[in-house]
Amino acid sequence: MTEIGKKIRIERIMHRDSRNMFIIPMDHGISDGPINGLINIAESINKVADGGADAVLMQKGMITHGHRGYGHDIGLIVHMSASTSLGPDPNNKVQVCTVKEAVQMGADAVSIHINVGSETEADQLHKLGAVAQQCDEWGMPLLSMMYPRGKNIVNPHDPELVAHVARAGAELGSDVIKTLYTGDPDSFKQVVEGCPVPIVIAGGPKTNTDREFLEMVRGAIDSGARGVAIGRNVFQHQNPTQMAKAISQIVHRNSSVEEALEMFI
């Protein structure tokens, strides 16, 4: 029966036609404070929902301040990891929520952040394995944010490293992997081929132009990615709804960058 629960819930964070995912992470407040674009989280969610995002991802304490009850429906992913930029090691992610709590709050999925290569890698991988087992028990989809991060990681976008961390997440029971884009479709295709579960790319730092950003989204989809999980490049955009519409055109309608840019006209 738990497999049915996972299937039903994952449908709520996935587009029915494209079978891809367009997720907006909004968990930045715990790491960076009340940043631009997330001061009023309810308003921000409404804007990206209007633009066609499939789900938002947030910490448990913010759910009552912004999710559901107005505008377009949008899926809910509860994030279970945290660290702050004020701590001695922001790469040391701790678990701050349980799967049971997420079920009680009405989540459609949960997510966990794992920094492979960090000094606390062993603890983080142990938590991933335990959370995956709990998700199986509760019928809850698990999105794992798998990043190569640590003092010995020179290039976190290196295709071999990204392929390694993506596969590690799948090996430990994740249903969806979020990871870094390697920079071009050919190299990222190798990451996708080495991972047996769907991959969505992280949005990365805020880009210089809309075209540059949408070209990255297009490249990821061309390489076989099943969607995107993009925060700042959407909710900090001067027009979040239009940017969300442009991304949705590529992720769900397989549009070109030129066609997506027409959303801003």
# chains A, B, ... in the order shown; residues from 1 in each chain; ligands from 1
>>> residues_around(residues="stretch 54-67 of chain A", least_positions_apart="3", cutoff="7 Å", atoms="only C-alpha atoms", output="PyMOL selection string")
chain A and resi 13-15+21-27+41-42+74-79
>>> write_last_selection(atoms="N, CA and C atoms", output="compact mmCIF listing (two decimals), in the first residue's frame")
# COMPACT_ATOMS: atom_id res chain seq x y z
N ILE A 13 3.39 16.55 -7.61
CA ILE A 13 4.54 17.43 -7.85
C ILE A 13 5.07 17.25 -9.27
N MET A 14 4.30 16.59 -10.10
CA MET A 14 4.72 16.26 -11.46
C MET A 14 3.62 16.67 -12.45
N HIS A 15 4.02 17.22 -13.57
CA HIS A 15 3.07 17.62 -14.59
C HIS A 15 2.44 16.38 -15.23
N MET A 21 9.05 17.79 -13.83
CA MET A 21 8.81 18.53 -12.59
C MET A 21 9.44 19.91 -12.66
N PHE A 22 8.69 20.91 -12.24
CA PHE A 22 9.16 22.29 -12.13
C PHE A 22 8.94 22.71 -10.68
N ILE A 23 10.02 22.68 -9.92
CA ILE A 23 9.97 22.90 -8.47
C ILE A 23 10.63 24.24 -8.12
N ILE A 24 10.03 24.95 -7.17
CA ILE A 24 10.60 26.21 -6.68
C ILE A 24 11.06 26.03 -5.23
N PRO A 25 12.37 25.88 -4.99
CA PRO A 25 12.86 25.84 -3.60
C PRO A 25 12.70 27.21 -2.94
N MET A 26 12.14 27.22 -1.73
CA MET A 26 11.97 28.45 -0.96
C MET A 26 12.42 28.24 0.48
N ASP A 27 13.48 27.46 0.63
CA ASP A 27 13.99 27.12 1.97
C ASP A 27 15.17 28.00 2.37
N ILE A 41 6.30 35.17 1.84
CA ILE A 41 6.38 33.89 1.14
C ILE A 41 5.05 33.50 0.50
N ALA A 42 3.94 33.91 1.09
CA ALA A 42 2.64 33.59 0.50
C ALA A 42 2.49 34.28 -0.86
N ILE A 74 -0.75 24.03 -5.87
CA ILE A 74 0.66 23.75 -6.12
C ILE A 74 1.13 22.73 -5.11
N GLY A 75 1.99 21.80 -5.54
CA GLY A 75 2.45 20.74 -4.66
C GLY A 75 3.35 21.25 -3.55
N LEU A 76 3.46 20.46 -2.48
CA LEU A 76 4.25 20.84 -1.32
C LEU A 76 5.32 19.80 -1.02
N ILE A 77 6.57 20.26 -1.02
CA ILE A 77 7.70 19.42 -0.62
C ILE A 77 8.29 20.01 0.66
N VAL A 78 8.33 19.23 1.72
CA VAL A 78 8.88 19.71 2.99
C VAL A 78 10.35 19.34 3.07
N HIS A 79 11.19 20.35 3.30
CA HIS A 79 12.63 20.13 3.39
C HIS A 79 12.99 19.69 4.80
>>> closest_atom_pairs(of="stretch 59-176 of chain A", to="stretch 181-187 of chain A", cutoff="10 Å", atoms="only C-alpha atoms", output="CSV")
residue,atom,partner,partner_atom,distance
A:Asn155,CA,A:Thr182,CA,10.0
A:Pro156,CA,A:Thr182,CA,8.6
A:His157,CA,A:Thr182,CA,4.9
A:Asp158,CA,A:Thr182,CA,6.3
A:Pro159,CA,A:Thr182,CA,5.7
A:Glu160,CA,A:Ser187,CA,8.9
A:Leu161,CA,A:Thr182,CA,9.6
A:Val162,CA,A:Thr182,CA,7.4
A:Ala163,CA,A:Thr182,CA,9.5
>>> write_last_selection(atoms="N, CA and C atoms", output="PDB file, in the first residue's frame")
ATOM      1  N   ASN A 155      36.148  21.449  -8.400  1.00  0.00           N
ATOM      2  CA  ASN A 155      35.122  21.832  -9.370  1.00  0.00           C
ATOM      3  C   ASN A 155      33.858  21.017  -9.114  1.00  0.00           C
ATOM      4  N   PRO A 156      32.884  21.592  -8.402  1.00  0.00           N
ATOM      5  CA  PRO A 156      31.662  20.836  -8.086  1.00  0.00           C
ATOM      6  C   PRO A 156      30.805  20.509  -9.304  1.00  0.00           C
ATOM      7  N   HIS A 157      31.098  21.134 -10.457  1.00  0.00           N
ATOM      8  CA  HIS A 157      30.339  20.860 -11.674  1.00  0.00           C
ATOM      9  C   HIS A 157      31.013  19.808 -12.552  1.00  0.00           C
ATOM     10  N   ASP A 158      32.088  19.220 -12.072  1.00  0.00           N
ATOM     11  CA  ASP A 158      32.782  18.185 -12.825  1.00  0.00           C
ATOM     12  C   ASP A 158      31.823  17.021 -13.100  1.00  0.00           C
ATOM     13  N   PRO A 159      31.660  16.633 -14.354  1.00  0.00           N
ATOM     14  CA  PRO A 159      30.674  15.594 -14.705  1.00  0.00           C
ATOM     15  C   PRO A 159      30.851  14.281 -13.943  1.00  0.00           C
ATOM     16  N   GLU A 160      32.100  13.858 -13.722  1.00  0.00           N
ATOM     17  CA  GLU A 160      32.323  12.602 -13.002  1.00  0.00           C
ATOM     18  C   GLU A 160      31.849  12.707 -11.554  1.00  0.00           C
ATOM     19  N   LEU A 161      32.107  13.858 -10.928  1.00  0.00           N
ATOM     20  CA  LEU A 161      31.676  14.055  -9.544  1.00  0.00           C
ATOM     21  C   LEU A 161      30.152  14.122  -9.457  1.00  0.00           C
ATOM     22  N   VAL A 162      29.538  14.867 -10.377  1.00  0.00           N
ATOM     23  CA  VAL A 162      28.078  14.997 -10.357  1.00  0.00           C
ATOM     24  C   VAL A 162      27.419  13.648 -10.614  1.00  0.00           C
ATOM     25  N   ALA A 163      27.979  12.874 -11.555  1.00  0.00           N
ATOM     26  CA  ALA A 163      27.445  11.535 -11.831  1.00  0.00           C
ATOM     27  C   ALA A 163      27.571  10.645 -10.597  1.00  0.00           C
TER      28      ALA A 163
END
>>> closest_residue(among="A:Glu3, A:Asp222, A:Glu262, A:Asp210", to="A:Gln238", atoms="only C-alpha atoms")
A:Asp210
>>> select_by_dssp(residues="stretch 28-260 of chain A", states="strand (DSSP E or B)", output="PyMOL selection string")
chain A and resi 55-59+75-79+81-82+94-95+109-116+142-148+176-179+199-202+227-229
>>> residues_around(residues="A:Gly29", least_positions_apart="4", cutoff="9 Å", atoms="only C-alpha atoms", output="list of chain:residue names")
A:Gly33, A:Pro34, A:Ile35, A:Leu38, A:Ile39, A:Gln59, A:Thr84
>>> atom_distance(atom1="atom CA of A:Gly194", atom2="atom CA of A:Arg167")
6.5 Å
>>> residues_around(residues="stretch 86-100 of chain A", least_positions_apart="3", cutoff="7 Å", atoms="only C-alpha atoms", output="list in words")
Met80, Ser81, Ala82, Ser83, Val103, Gln104, His113, Asn115, Ser118, Thr120, Gln134 and Cys135 of chain A
>>> write_last_selection(atoms="C-alpha atoms", output="mmCIF file, in the first residue's frame")
data_model
loop_
_atom_site.group_PDB
_atom_site.id
_atom_site.type_symbol
_atom_site.label_atom_id
_atom_site.label_comp_id
_atom_site.auth_asym_id
_atom_site.auth_seq_id
_atom_site.Cartn_x
_atom_site.Cartn_y
_atom_site.Cartn_z
ATOM 1 C CA MET A 80 14.198 18.117 6.191
ATOM 2 C CA SER A 81 17.751 19.544 6.263
ATOM 3 C CA ALA A 82 19.191 22.786 7.568
ATOM 4 C CA SER A 83 22.309 24.819 8.256
ATOM 5 C CA VAL A 103 2.818 13.425 6.536
ATOM 6 C CA GLN A 104 0.927 15.223 9.310
ATOM 7 C CA HIS A 113 20.301 17.813 1.406
ATOM 8 C CA ASN A 115 26.967 17.291 0.687
ATOM 9 C CA SER A 118 32.120 17.283 3.276
ATOM 10 C CA THR A 120 30.305 15.180 7.858
ATOM 11 C CA GLN A 134 11.046 5.933 6.612
ATOM 12 C CA CYS A 135 9.726 7.279 3.309
#
>>> atom_distance(atom1="atom CA of A:Glu119", atom2="atom CA of A:His164")
17.3 Å
>>> closest_residue(among="A:Met243, A:Ala168, A:Pro148, A:Ile8", to="A:Gly129", atoms="only C-alpha atoms")
A:Ala168
>>> select_by_dssp(residues="stretch 206-251 of chain A", states="alpha helix (DSSP H)", output="list of chain:residue names")
A:Asp210, A:Arg211, A:Glu212, A:Phe213, A:Leu214, A:Glu215, A:Met216, A:Val217, A:Arg218, A:Gly219, A:Ala220, A:Ile221, A:Asp222, A:Arg232, A:Asn233, A:Val234, A:Phe235, A:Pro240, A:Thr241, A:Gln242, A:Met243, A:Ala244, A:Lys245, A:Ala246, A:Ile247, A:Ser248, A:Gln249, A:Ile250, A:Val251
>>> write_last_selection(atoms="C-alpha atoms", output="tab-separated table (two decimals), in the first residue's frame")
chain	number	residue	atom	x	y	z
A	210	ASP	CA	17.07	35.57	-19.05
A	211	ARG	CA	18.38	34.02	-22.26
A	212	GLU	CA	21.47	32.63	-20.51
A	213	PHE	CA	19.35	31.06	-17.83
A	214	LEU	CA	16.76	29.58	-20.19
A	215	GLU	CA	19.52	28.12	-22.35
A	216	MET	CA	20.68	26.19	-19.27
A	217	VAL	CA	17.14	24.88	-18.72
A	218	ARG	CA	16.86	23.89	-22.38
A	219	GLY	CA	20.22	22.11	-22.25
A	220	ALA	CA	19.21	20.14	-19.17
A	221	ILE	CA	15.97	18.94	-20.74
A	222	ASP	CA	17.81	18.04	-23.96
A	232	ARG	CA	16.47	32.71	-6.88
A	233	ASN	CA	16.34	32.90	-10.66
A	234	VAL	CA	12.55	32.81	-10.37
A	235	PHE	CA	11.42	34.41	-7.11
A	240	PRO	CA	8.51	35.93	-11.24
A	241	THR	CA	5.27	34.87	-12.90
A	242	GLN	CA	6.56	35.50	-16.41
A	243	MET	CA	9.84	33.73	-15.68
A	244	ALA	CA	7.92	30.77	-14.31
A	245	LYS	CA	5.83	30.72	-17.49
A	246	ALA	CA	8.98	30.76	-19.63
A	247	ILE	CA	10.52	27.85	-17.73
A	248	SER	CA	7.26	25.93	-17.88
A	249	GLN	CA	7.20	26.32	-21.66
A	250	ILE	CA	10.54	24.53	-21.93
A	251	VAL	CA	10.05	21.91	-19.20
>>> atom_distance(atom1="atom CA of A:Val191", atom2="atom CA of A:Ala166")
7.3 Å
>>> closest_residue(among="A:Lys206, A:Val154, A:Gly139, A:Ile30", to="A:His237", atoms="only C-alpha atoms")
A:Lys206
